[in-house]
$ cat my_file39.cif   # mmCIF, N, CA and C atoms
data_target
loop_
_atom_site.label_atom_id
_atom_site.label_comp_id
_atom_site.auth_asym_id
_atom_site.auth_seq_id
_atom_site.Cartn_x
_atom_site.Cartn_y
_atom_site.Cartn_z
N MET V 1 4.39 -2.74 18.55
CA MET V 1 5.35 -2.03 17.72
C MET V 1 4.65 -1.12 16.70
N ARG V 2 3.42 -1.46 16.31
CA ARG V 2 2.73 -0.67 15.29
C ARG V 2 2.57 0.79 15.69
N GLU V 3 2.48 1.06 16.97
CA GLU V 3 2.31 2.42 17.45
C GLU V 3 3.49 3.31 17.07
N ALA V 4 4.66 2.72 16.91
CA ALA V 4 5.86 3.50 16.60
C ALA V 4 5.76 4.23 15.26
N PHE V 5 4.95 3.75 14.36
CA PHE V 5 4.91 4.31 13.01
C PHE V 5 3.97 5.52 12.87
N LEU V 6 2.81 5.47 13.46
CA LEU V 6 1.82 6.53 13.23
C LEU V 6 1.44 7.32 14.48
N ASN V 7 1.87 6.88 15.64
CA ASN V 7 1.38 7.44 16.89
C ASN V 7 1.48 8.96 16.97
N LEU V 8 2.59 9.54 16.52
CA LEU V 8 2.77 11.00 16.60
C LEU V 8 1.79 11.77 15.73
N PHE V 9 1.29 11.13 14.67
CA PHE V 9 0.47 11.80 13.67
C PHE V 9 -0.97 11.31 13.63
N ILE V 10 -1.35 10.46 14.57
CA ILE V 10 -2.62 9.76 14.46
C ILE V 10 -3.82 10.71 14.40
N LYS V 11 -3.83 11.76 15.20
CA LYS V 11 -4.97 12.69 15.21
C LYS V 11 -5.06 13.44 13.87
N GLU V 12 -3.94 13.93 13.39
CA GLU V 12 -3.92 14.67 12.13
C GLU V 12 -4.32 13.77 10.96
N LEU V 13 -3.82 12.55 10.97
CA LEU V 13 -4.14 11.61 9.89
C LEU V 13 -5.62 11.24 9.92
N TYR V 14 -6.15 11.05 11.10
CA TYR V 14 -7.58 10.72 11.20
C TYR V 14 -8.43 11.86 10.65
N ILE V 15 -8.09 13.08 11.04
CA ILE V 15 -8.84 14.25 10.55
C ILE V 15 -8.71 14.37 9.03
N LYS V 16 -7.51 14.20 8.52
CA LYS V 16 -7.28 14.34 7.07
C LYS V 16 -8.02 13.28 6.27
N TYR V 17 -8.07 12.04 6.78
CA TYR V 17 -8.61 10.93 6.00
C TYR V 17 -9.97 10.43 6.49
N LYS V 18 -10.59 11.13 7.42
CA LYS V 18 -11.93 10.76 7.89
C LYS V 18 -12.88 10.67 6.70
N GLY V 19 -13.70 9.62 6.67
CA GLY V 19 -14.64 9.43 5.56
C GLY V 19 -14.08 8.57 4.44
N LYS V 20 -12.85 8.16 4.58
CA LYS V 20 -12.22 7.32 3.56
C LYS V 20 -12.24 5.85 4.00
N THR V 21 -12.16 4.97 3.03
CA THR V 21 -12.04 3.53 3.30
C THR V 21 -10.61 3.12 3.00
N ILE V 22 -9.96 2.52 3.96
CA ILE V 22 -8.58 2.06 3.79
C ILE V 22 -8.57 0.79 2.95
N ILE V 23 -7.70 0.80 1.93
CA ILE V 23 -7.41 -0.40 1.14
C ILE V 23 -5.93 -0.68 1.31
N PRO V 24 -5.57 -1.71 2.08
CA PRO V 24 -4.15 -2.00 2.25
C PRO V 24 -3.59 -2.75 1.04
N VAL V 25 -2.36 -2.40 0.66
CA VAL V 25 -1.66 -3.19 -0.34
C VAL V 25 -1.31 -4.51 0.35
N PRO V 26 -1.67 -5.63 -0.26
CA PRO V 26 -1.52 -6.91 0.44
C PRO V 26 -0.11 -7.51 0.34
N SER V 27 0.16 -8.37 1.29
CA SER V 27 1.30 -9.28 1.21
C SER V 27 0.77 -10.60 0.69
N TYR V 28 1.66 -11.46 0.29
CA TYR V 28 1.26 -12.81 -0.08
C TYR V 28 0.74 -13.50 1.17
N ILE V 29 -0.40 -14.16 1.07
CA ILE V 29 -1.09 -14.76 2.22
C ILE V 29 -0.18 -15.69 3.03
N LYS V 30 0.66 -16.44 2.37
CA LYS V 30 1.54 -17.36 3.10
C LYS V 30 2.60 -16.60 3.90
N ASP V 31 3.02 -15.43 3.39
CA ASP V 31 3.95 -14.59 4.16
C ASP V 31 3.27 -14.07 5.42
N ASP V 32 1.99 -13.68 5.31
CA ASP V 32 1.23 -13.23 6.48
C ASP V 32 1.07 -14.37 7.48
N GLU V 33 0.84 -15.56 6.99
CA GLU V 33 0.67 -16.72 7.87
C GLU V 33 1.95 -17.00 8.64
N VAL V 34 3.10 -16.92 7.98
CA VAL V 34 4.39 -17.14 8.64
C VAL V 34 4.62 -16.06 9.69
N ARG V 35 4.33 -14.81 9.32
CA ARG V 35 4.52 -13.66 10.21
C ARG V 35 3.48 -13.66 11.33
N GLY V 36 2.30 -14.17 11.04
CA GLY V 36 1.21 -14.18 12.02
C GLY V 36 0.29 -12.98 11.91
N PHE V 37 0.56 -12.07 11.00
CA PHE V 37 -0.26 -10.88 10.80
C PHE V 37 0.17 -10.20 9.51
N ASN V 38 -0.65 -9.24 9.08
CA ASN V 38 -0.27 -8.41 7.94
C ASN V 38 0.17 -7.06 8.51
N HIS V 39 1.41 -6.72 8.32
CA HIS V 39 1.98 -5.53 8.93
C HIS V 39 1.31 -4.23 8.45
N VAL V 40 0.96 -4.14 7.18
CA VAL V 40 0.32 -2.93 6.65
C VAL V 40 -1.06 -2.75 7.29
N GLU V 41 -1.83 -3.82 7.36
CA GLU V 41 -3.15 -3.75 7.99
C GLU V 41 -3.03 -3.34 9.46
N GLU V 42 -2.07 -3.94 10.16
CA GLU V 42 -1.90 -3.65 11.59
C GLU V 42 -1.56 -2.18 11.83
N VAL V 43 -0.61 -1.65 11.08
CA VAL V 43 -0.19 -0.26 11.28
C VAL V 43 -1.34 0.69 10.98
N PHE V 44 -1.99 0.52 9.84
CA PHE V 44 -3.02 1.48 9.43
C PHE V 44 -4.36 1.27 10.13
N SER V 45 -4.54 0.15 10.82
CA SER V 45 -5.77 -0.05 11.60
C SER V 45 -5.85 0.97 12.73
N MET V 46 -4.71 1.54 13.10
CA MET V 46 -4.69 2.56 14.16
C MET V 46 -5.50 3.80 13.79
N LEU V 47 -5.74 4.02 12.49
CA LEU V 47 -6.52 5.18 12.07
C LEU V 47 -8.00 5.05 12.41
N ASN V 48 -8.42 3.84 12.76
CA ASN V 48 -9.83 3.58 13.09
C ASN V 48 -10.78 4.02 11.99
N LEU V 49 -10.40 3.74 10.76
CA LEU V 49 -11.24 3.98 9.59
C LEU V 49 -11.68 2.63 9.05
N PRO V 50 -12.78 2.57 8.30
CA PRO V 50 -13.17 1.29 7.71
C PRO V 50 -12.06 0.78 6.79
N MET V 51 -11.87 -0.52 6.81
CA MET V 51 -10.83 -1.13 5.99
C MET V 51 -11.45 -2.27 5.19
N LYS V 52 -11.13 -2.29 3.89
CA LYS V 52 -11.56 -3.39 3.03
C LYS V 52 -10.33 -4.01 2.38
N LYS V 53 -10.30 -5.32 2.40
CA LYS V 53 -9.25 -6.04 1.69
C LYS V 53 -9.73 -6.24 0.26
N ALA V 54 -9.37 -5.32 -0.61
CA ALA V 54 -9.86 -5.33 -1.99
C ALA V 54 -8.87 -5.97 -2.95
N LEU V 55 -7.63 -6.16 -2.50
CA LEU V 55 -6.58 -6.68 -3.37
C LEU V 55 -6.00 -7.96 -2.81
N ILE V 56 -5.54 -8.81 -3.70
CA ILE V 56 -4.89 -10.08 -3.34
C ILE V 56 -3.54 -10.14 -4.03
N LYS V 57 -2.54 -10.55 -3.30
CA LYS V 57 -1.23 -10.84 -3.91
C LYS V 57 -1.21 -12.35 -4.11
N THR V 58 -1.15 -12.77 -5.37
CA THR V 58 -1.38 -14.17 -5.72
C THR V 58 -0.17 -15.07 -5.58
N SER V 59 1.01 -14.51 -5.37
CA SER V 59 2.21 -15.34 -5.22
C SER V 59 3.27 -14.56 -4.46
N HIS V 60 4.30 -15.29 -4.05
CA HIS V 60 5.41 -14.66 -3.34
C HIS V 60 6.31 -13.99 -4.38
N PHE V 61 6.14 -12.70 -4.55
CA PHE V 61 6.93 -11.91 -5.50
C PHE V 61 7.63 -10.84 -4.69
N LYS V 62 8.87 -11.11 -4.33
CA LYS V 62 9.64 -10.19 -3.49
C LYS V 62 10.34 -9.19 -4.38
N GLN V 63 10.01 -7.91 -4.20
CA GLN V 63 10.55 -6.87 -5.06
C GLN V 63 11.88 -6.30 -4.58
N ALA V 64 12.22 -6.51 -3.34
CA ALA V 64 13.38 -5.84 -2.74
C ALA V 64 14.67 -6.06 -3.53
N GLU V 65 14.85 -7.24 -4.09
CA GLU V 65 16.10 -7.53 -4.80
C GLU V 65 16.02 -7.21 -6.29
N LYS V 66 14.91 -6.67 -6.74
CA LYS V 66 14.70 -6.46 -8.18
C LYS V 66 14.89 -5.00 -8.57
N GLY V 67 15.31 -4.79 -9.81
CA GLY V 67 15.43 -3.45 -10.35
C GLY V 67 14.07 -2.92 -10.78
N ALA V 68 14.06 -1.67 -11.22
CA ALA V 68 12.81 -0.99 -11.58
C ALA V 68 12.03 -1.74 -12.66
N LYS V 69 12.71 -2.24 -13.67
CA LYS V 69 12.02 -2.93 -14.77
C LYS V 69 11.36 -4.22 -14.27
N LYS V 70 12.08 -5.01 -13.49
CA LYS V 70 11.53 -6.27 -12.96
C LYS V 70 10.40 -6.02 -11.96
N ARG V 71 10.47 -4.91 -11.24
CA ARG V 71 9.42 -4.58 -10.26
C ARG V 71 8.07 -4.38 -10.93
N GLN V 72 8.08 -3.98 -12.20
CA GLN V 72 6.83 -3.77 -12.91
C GLN V 72 6.05 -5.07 -13.09
N GLU V 73 6.71 -6.20 -12.92
CA GLU V 73 6.04 -7.50 -13.03
C GLU V 73 5.04 -7.74 -11.90
N ILE V 74 5.00 -6.83 -10.92
CA ILE V 74 4.05 -6.97 -9.82
C ILE V 74 2.62 -7.05 -10.36
N ARG V 75 2.37 -6.44 -11.53
CA ARG V 75 1.01 -6.45 -12.09
C ARG V 75 0.53 -7.86 -12.38
N LYS V 76 1.46 -8.82 -12.53
CA LYS V 76 1.09 -10.22 -12.74
C LYS V 76 0.73 -10.91 -11.43
N HIS V 77 1.00 -10.24 -10.31
CA HIS V 77 0.84 -10.88 -9.00
C HIS V 77 -0.20 -10.22 -8.10
N LEU V 78 -0.85 -9.15 -8.59
CA LEU V 78 -1.91 -8.49 -7.83
C LEU V 78 -3.22 -8.59 -8.60
N CYS V 79 -4.31 -8.80 -7.88
CA CYS V 79 -5.63 -8.81 -8.52
C CYS V 79 -6.67 -8.33 -7.51
N LEU V 80 -7.86 -8.08 -8.01
CA LEU V 80 -8.96 -7.65 -7.16
C LEU V 80 -9.62 -8.85 -6.48
N VAL V 81 -10.11 -8.63 -5.29
CA VAL V 81 -10.93 -9.62 -4.60
C VAL V 81 -12.24 -9.74 -5.38
N PRO V 82 -12.69 -10.95 -5.67
CA PRO V 82 -13.96 -11.08 -6.39
C PRO V 82 -15.11 -10.42 -5.64
N ASP V 83 -16.00 -9.80 -6.39
CA ASP V 83 -17.23 -9.19 -5.85
C ASP V 83 -17.00 -8.06 -4.85
N ILE V 84 -15.83 -7.44 -4.87
CA ILE V 84 -15.59 -6.30 -3.99
C ILE V 84 -16.26 -5.06 -4.60
N ASN V 85 -16.87 -4.25 -3.76
CA ASN V 85 -17.55 -3.06 -4.24
C ASN V 85 -16.91 -1.82 -3.62
N LEU V 86 -16.40 -0.94 -4.47
CA LEU V 86 -15.85 0.34 -4.01
C LEU V 86 -16.50 1.53 -4.72
N GLU V 87 -17.60 1.26 -5.42
CA GLU V 87 -18.25 2.31 -6.20
C GLU V 87 -18.64 3.48 -5.30
N ASN V 88 -18.23 4.67 -5.73
CA ASN V 88 -18.49 5.94 -5.04
C ASN V 88 -17.86 6.05 -3.65
N GLU V 89 -16.94 5.16 -3.32
CA GLU V 89 -16.25 5.28 -2.03
C GLU V 89 -15.00 6.13 -2.20
N LYS V 90 -14.64 6.80 -1.13
CA LYS V 90 -13.39 7.55 -1.08
C LYS V 90 -12.34 6.59 -0.53
N VAL V 91 -11.39 6.23 -1.38
CA VAL V 91 -10.42 5.20 -1.06
C VAL V 91 -9.11 5.82 -0.59
N LEU V 92 -8.55 5.24 0.46
CA LEU V 92 -7.21 5.56 0.92
C LEU V 92 -6.37 4.29 0.76
N LEU V 93 -5.56 4.25 -0.28
CA LEU V 93 -4.68 3.12 -0.55
C LEU V 93 -3.43 3.28 0.31
N VAL V 94 -3.11 2.27 1.10
CA VAL V 94 -1.98 2.37 2.03
C VAL V 94 -0.96 1.27 1.79
N ASP V 95 0.30 1.63 2.01
CA ASP V 95 1.39 0.67 1.88
C ASP V 95 2.51 1.08 2.83
N ASP V 96 3.44 0.16 3.04
CA ASP V 96 4.53 0.46 3.97
C ASP V 96 5.65 1.27 3.32
N ILE V 97 6.01 0.96 2.08
CA ILE V 97 7.15 1.61 1.48
C ILE V 97 6.94 1.87 -0.01
N TYR V 98 7.42 3.01 -0.46
CA TYR V 98 7.35 3.40 -1.87
C TYR V 98 8.78 3.40 -2.40
N THR V 99 9.01 2.57 -3.42
CA THR V 99 10.35 2.53 -4.02
C THR V 99 10.26 3.06 -5.45
N THR V 100 9.68 2.29 -6.35
CA THR V 100 9.55 2.74 -7.74
C THR V 100 8.12 3.15 -8.08
N GLY V 101 7.18 2.78 -7.24
CA GLY V 101 5.78 3.09 -7.50
C GLY V 101 5.05 2.00 -8.27
N SER V 102 5.73 0.93 -8.64
CA SER V 102 5.11 -0.13 -9.43
C SER V 102 3.91 -0.76 -8.72
N THR V 103 4.05 -1.05 -7.45
CA THR V 103 2.95 -1.68 -6.71
C THR V 103 1.76 -0.74 -6.63
N LEU V 104 2.01 0.49 -6.25
CA LEU V 104 0.90 1.44 -6.11
C LEU V 104 0.23 1.74 -7.45
N LYS V 105 1.01 1.86 -8.51
CA LYS V 105 0.41 2.09 -9.83
C LYS V 105 -0.48 0.93 -10.23
N THR V 106 -0.01 -0.29 -9.98
CA THR V 106 -0.81 -1.48 -10.29
C THR V 106 -2.09 -1.49 -9.46
N ALA V 107 -1.96 -1.22 -8.17
CA ALA V 107 -3.13 -1.21 -7.28
C ALA V 107 -4.13 -0.13 -7.71
N ILE V 108 -3.65 1.04 -8.04
CA ILE V 108 -4.54 2.13 -8.49
C ILE V 108 -5.27 1.72 -9.76
N ASN V 109 -4.54 1.15 -10.71
CA ASN V 109 -5.18 0.71 -11.96
C ASN V 109 -6.29 -0.30 -11.71
N LEU V 110 -6.08 -1.21 -10.78
CA LEU V 110 -7.10 -2.20 -10.44
C LEU V 110 -8.30 -1.54 -9.75
N ILE V 111 -8.02 -0.70 -8.78
CA ILE V 111 -9.09 -0.07 -8.00
C ILE V 111 -9.93 0.87 -8.86
N GLU V 112 -9.30 1.56 -9.81
CA GLU V 112 -10.04 2.47 -10.69
C GLU V 112 -11.17 1.76 -11.44
N LYS V 113 -10.99 0.49 -11.72
CA LYS V 113 -12.01 -0.29 -12.43
C LYS V 113 -13.31 -0.40 -11.62
N LEU V 114 -13.22 -0.16 -10.31
CA LEU V 114 -14.36 -0.30 -9.42
C LEU V 114 -15.09 1.03 -9.19
N ASN V 115 -14.72 2.06 -9.93
CA ASN V 115 -15.37 3.37 -9.89
C ASN V 115 -15.48 4.00 -8.50
N PRO V 116 -14.36 4.09 -7.77
CA PRO V 116 -14.44 4.81 -6.50
C PRO V 116 -14.61 6.31 -6.75
N LYS V 117 -15.10 7.01 -5.77
CA LYS V 117 -15.27 8.46 -5.89
C LYS V 117 -13.91 9.15 -5.98
N SER V 118 -12.95 8.65 -5.19
CA SER V 118 -11.60 9.20 -5.21
C SER V 118 -10.61 8.15 -4.69
N ILE V 119 -9.34 8.35 -5.02
CA ILE V 119 -8.27 7.49 -4.52
C ILE V 119 -7.14 8.40 -4.04
N GLU V 120 -6.74 8.22 -2.80
CA GLU V 120 -5.56 8.88 -2.26
C GLU V 120 -4.61 7.79 -1.80
N VAL V 121 -3.33 8.13 -1.70
CA VAL V 121 -2.30 7.17 -1.32
C VAL V 121 -1.56 7.68 -0.09
N LEU V 122 -1.31 6.77 0.84
CA LEU V 122 -0.52 7.08 2.03
C LEU V 122 0.48 5.96 2.24
N VAL V 123 1.76 6.30 2.33
CA VAL V 123 2.80 5.31 2.60
C VAL V 123 3.59 5.74 3.84
N LEU V 124 4.18 4.76 4.49
CA LEU V 124 4.98 5.05 5.68
C LEU V 124 6.34 5.64 5.34
N ALA V 125 6.93 5.17 4.24
CA ALA V 125 8.30 5.58 3.90
C ALA V 125 8.51 5.55 2.40
N LYS V 126 9.48 6.35 1.96
CA LYS V 126 9.89 6.36 0.56
C LYS V 126 11.38 6.15 0.52
N THR V 127 11.82 5.25 -0.34
CA THR V 127 13.25 5.01 -0.46
C THR V 127 13.90 6.11 -1.29
N ILE V 128 15.16 6.33 -1.02
CA ILE V 128 15.94 7.32 -1.78
C ILE V 128 17.17 6.61 -2.32
N ASP V 129 17.41 6.77 -3.62
CA ASP V 129 18.60 6.20 -4.25
C ASP V 129 19.74 7.19 -4.03
N LEU V 130 20.64 6.88 -3.11
CA LEU V 130 21.71 7.80 -2.77
C LEU V 130 22.68 8.02 -3.93
N LYS V 131 22.85 7.02 -4.78
CA LYS V 131 23.73 7.19 -5.94
C LYS V 131 23.17 8.25 -6.87
N LYS V 132 21.87 8.19 -7.17
CA LYS V 132 21.24 9.20 -8.01
C LYS V 132 21.27 10.56 -7.34
N ARG V 133 21.03 10.56 -6.03
CA ARG V 133 21.00 11.84 -5.30
C ARG V 133 22.36 12.52 -5.34
N LYS V 134 23.44 11.74 -5.18
CA LYS V 134 24.80 12.32 -5.24
C LYS V 134 25.09 12.88 -6.61
N SER V 135 24.71 12.14 -7.66
CA SER V 135 25.01 12.61 -9.02
C SER V 135 24.19 13.86 -9.37
N ASN V 136 23.03 14.03 -8.78
CA ASN V 136 22.21 15.22 -9.03
C ASN V 136 22.74 16.45 -8.29
N THR V 137 23.51 16.25 -7.24
CA THR V 137 24.02 17.38 -6.47
C THR V 137 25.38 17.83 -6.93
N ASN V 138 26.02 17.08 -7.82
CA ASN V 138 27.35 17.46 -8.32
C ASN V 138 27.26 18.44 -9.45
#
$ encode --input "my_file39.cif" --output "structure tokens"
Amino acid sequence: MREAFLNLFIKELYIKYKGKTIIPVPSYIKDDEVRGFNHVEEVFSMLNLPMKKALIKTSHFKQAEKGAKKRQEIRKHLCLVPDINLENEKVLLVDDIYTTGSTLKTAINLIEKLNPKSIEVLVLAKTIDLKKRKSNTN
């Protein structure tokens, strides 16, 4: 199933991000164990770029049912892998979905502490609040 997400763009994405190290935004380890895999790692492994697991999600913190303010609490649930080295690396931070940006902002703040040469972000999808969109078009 992973091919369904990137297959059409795989060559372009590889060319654009060649030389970068993929850092996947993690799921909680027990969620991966139940699922049998980490979906973000599986999808982005298709790029055939080096991948480092630099981040850990320390608890089951499901953001889907939470509002923007509560989603910011993700910073209490993400941390760096001990002894990970990203100094002078070109990082490609990847995730499946962008809603409020809380997870990515937290991940970027953590990764910046490791002095990478650069950080770029790639997500599969971005949510759109249709209520806000309707009110902006009126």
$ atom_distance --input "my_file39.cif" --atom1 "atom C of V:Gly19" --atom2 "atom CA of V:Lys57"
24.7 Å
$ residues_around --input "my_file39.cif" --residues "V:Val81" --least-positions-apart "2" --cutoff "6 Å" --atoms "only C-alpha atoms" --output "PDB file with N, CA and C atoms, in the frame of the given file"
ATOM      1  N   ALA V  54      -9.370  -5.320  -0.610  1.00  0.00           N
ATOM      2  CA  ALA V  54      -9.860  -5.330  -1.990  1.00  0.00           C
ATOM      3  C   ALA V  54      -8.870  -5.970  -2.950  1.00  0.00           C
ATOM      4  N   LEU V  55      -7.630  -6.160  -2.500  1.00  0.00           N
ATOM      5  CA  LEU V  55      -6.580  -6.680  -3.370  1.00  0.00           C
ATOM      6  C   LEU V  55      -6.000  -7.960  -2.810  1.00  0.00           C
ATOM      7  N   ILE V  84     -15.830  -7.440  -4.870  1.00  0.00           N
ATOM      8  CA  ILE V  84     -15.590  -6.300  -3.990  1.00  0.00           C
ATOM      9  C   ILE V  84     -16.260  -5.060  -4.600  1.00  0.00           C
TER      10      ILE V  84
END
$ resolve_selection --input "my_file39.cif" --expression "the PyMOL selection byres ((chain V and resi 40-51) around 7)" --output "PDB file with N, CA and C atoms, in the coordinates of the input"
ATOM      1  N   ARG V   2       3.420  -1.460  16.310  1.00  0.00           N
ATOM      2  CA  ARG V   2       2.730  -0.670  15.290  1.00  0.00           C
ATOM      3  C   ARG V   2       2.570   0.790  15.690  1.00  0.00           C
ATOM      4  N   GLU V   3       2.480   1.060  16.970  1.00  0.00           N
ATOM      5  CA  GLU V   3       2.310   2.420  17.450  1.00  0.00           C
ATOM      6  C   GLU V   3       3.490   3.310  17.070  1.00  0.00           C
ATOM      7  N   LEU V   6       2.810   5.470  13.460  1.00  0.00           N
ATOM      8  CA  LEU V   6       1.820   6.530  13.230  1.00  0.00           C
ATOM      9  C   LEU V   6       1.440   7.320  14.480  1.00  0.00           C
ATOM     10  N   ILE V  10      -1.350  10.460  14.570  1.00  0.00           N
ATOM     11  CA  ILE V  10      -2.620   9.760  14.460  1.00  0.00           C
ATOM     12  C   ILE V  10      -3.820  10.710  14.400  1.00  0.00           C
ATOM     13  N   LEU V  13      -3.820  12.550  10.970  1.00  0.00           N
ATOM     14  CA  LEU V  13      -4.140  11.610   9.890  1.00  0.00           C
ATOM     15  C   LEU V  13      -5.620  11.240   9.920  1.00  0.00           C
ATOM     16  N   TYR V  14      -6.150  11.050  11.100  1.00  0.00           N
ATOM     17  CA  TYR V  14      -7.580  10.720  11.200  1.00  0.00           C
ATOM     18  C   TYR V  14      -8.430  11.860  10.650  1.00  0.00           C
ATOM     19  N   GLY V  19     -13.700   9.620   6.670  1.00  0.00           N
ATOM     20  CA  GLY V  19     -14.640   9.430   5.560  1.00  0.00           C
ATOM     21  C   GLY V  19     -14.080   8.570   4.440  1.00  0.00           C
ATOM     22  N   LYS V  20     -12.850   8.160   4.580  1.00  0.00           N
ATOM     23  CA  LYS V  20     -12.220   7.320   3.560  1.00  0.00           C
ATOM     24  C   LYS V  20     -12.240   5.850   4.000  1.00  0.00           C
ATOM     25  N   THR V  21     -12.160   4.970   3.030  1.00  0.00           N
ATOM     26  CA  THR V  21     -12.040   3.530   3.300  1.00  0.00           C
ATOM     27  C   THR V  21     -10.610   3.120   3.000  1.00  0.00           C
ATOM     28  N   ILE V  22      -9.960   2.520   3.960  1.00  0.00           N
ATOM     29  CA  ILE V  22      -8.580   2.060   3.790  1.00  0.00           C
ATOM     30  C   ILE V  22      -8.570   0.790   2.950  1.00  0.00           C
ATOM     31  N   ILE V  23      -7.700   0.800   1.930  1.00  0.00           N
ATOM     32  CA  ILE V  23      -7.410  -0.400   1.140  1.00  0.00           C
ATOM     33  C   ILE V  23      -5.930  -0.680   1.310  1.00  0.00           C
ATOM     34  N   PRO V  24      -5.570  -1.710   2.080  1.00  0.00           N
ATOM     35  CA  PRO V  24      -4.150  -2.000   2.250  1.00  0.00           C
ATOM     36  C   PRO V  24      -3.590  -2.750   1.040  1.00  0.00           C
ATOM     37  N   VAL V  25      -2.360  -2.400   0.660  1.00  0.00           N
ATOM     38  CA  VAL V  25      -1.660  -3.190  -0.340  1.00  0.00           C
ATOM     39  C   VAL V  25      -1.310  -4.510   0.350  1.00  0.00           C
ATOM     40  N   PHE V  37       0.560 -12.070  11.000  1.00  0.00           N
ATOM     41  CA  PHE V  37      -0.260 -10.880  10.800  1.00  0.00           C
ATOM     42  C   PHE V  37       0.170 -10.200   9.510  1.00  0.00           C
ATOM     43  N   ASN V  38      -0.650  -9.240   9.080  1.00  0.00           N
ATOM     44  CA  ASN V  38      -0.270  -8.410   7.940  1.00  0.00           C
ATOM     45  C   ASN V  38       0.170  -7.060   8.510  1.00  0.00           C
ATOM     46  N   HIS V  39       1.410  -6.720   8.320  1.00  0.00           N
ATOM     47  CA  HIS V  39       1.980  -5.530   8.930  1.00  0.00           C
ATOM     48  C   HIS V  39       1.310  -4.230   8.450  1.00  0.00           C
ATOM     49  N   LYS V  52     -11.130  -2.290   3.890  1.00  0.00           N
ATOM     50  CA  LYS V  52     -11.560  -3.390   3.030  1.00  0.00           C
ATOM     51  C   LYS V  52     -10.330  -4.010   2.380  1.00  0.00           C
ATOM     52  N   LYS V  53     -10.300  -5.320   2.400  1.00  0.00           N
ATOM     53  CA  LYS V  53      -9.250  -6.040   1.690  1.00  0.00           C
ATOM     54  C   LYS V  53      -9.730  -6.240   0.260  1.00  0.00           C
ATOM     55  N   ALA V  54      -9.370  -5.320  -0.610  1.00  0.00           N
ATOM     56  CA  ALA V  54      -9.860  -5.330  -1.990  1.00  0.00           C
ATOM     57  C   ALA V  54      -8.870  -5.970  -2.950  1.00  0.00           C
ATOM     58  N   VAL V  94      -3.110   2.270   1.100  1.00  0.00           N
ATOM     59  CA  VAL V  94      -1.980   2.370   2.030  1.00  0.00           C
ATOM     60  C   VAL V  94      -0.960   1.270   1.790  1.00  0.00           C
ATOM     61  N   ASP V  95       0.300   1.630   2.010  1.00  0.00           N
ATOM     62  CA  ASP V  95       1.390   0.670   1.880  1.00  0.00           C
ATOM     63  C   ASP V  95       2.510   1.080   2.830  1.00  0.00           C
ATOM     64  N   ASP V  96       3.440   0.160   3.040  1.00  0.00           N
ATOM     65  CA  ASP V  96       4.530   0.460   3.970  1.00  0.00           C
ATOM     66  C   ASP V  96       5.650   1.270   3.320  1.00  0.00           C
TER      67      ASP V  96
END
$ atom_distance --input "my_file39.cif" --atom1 "atom N of V:Ile128" --atom2 "atom N of V:Tyr28"
22.4 Å
$ atom_distance --input "my_file39.cif" --atom1 "atom CA of V:Pro82" --atom2 "atom CA of V:Thr58"
13.0 Å
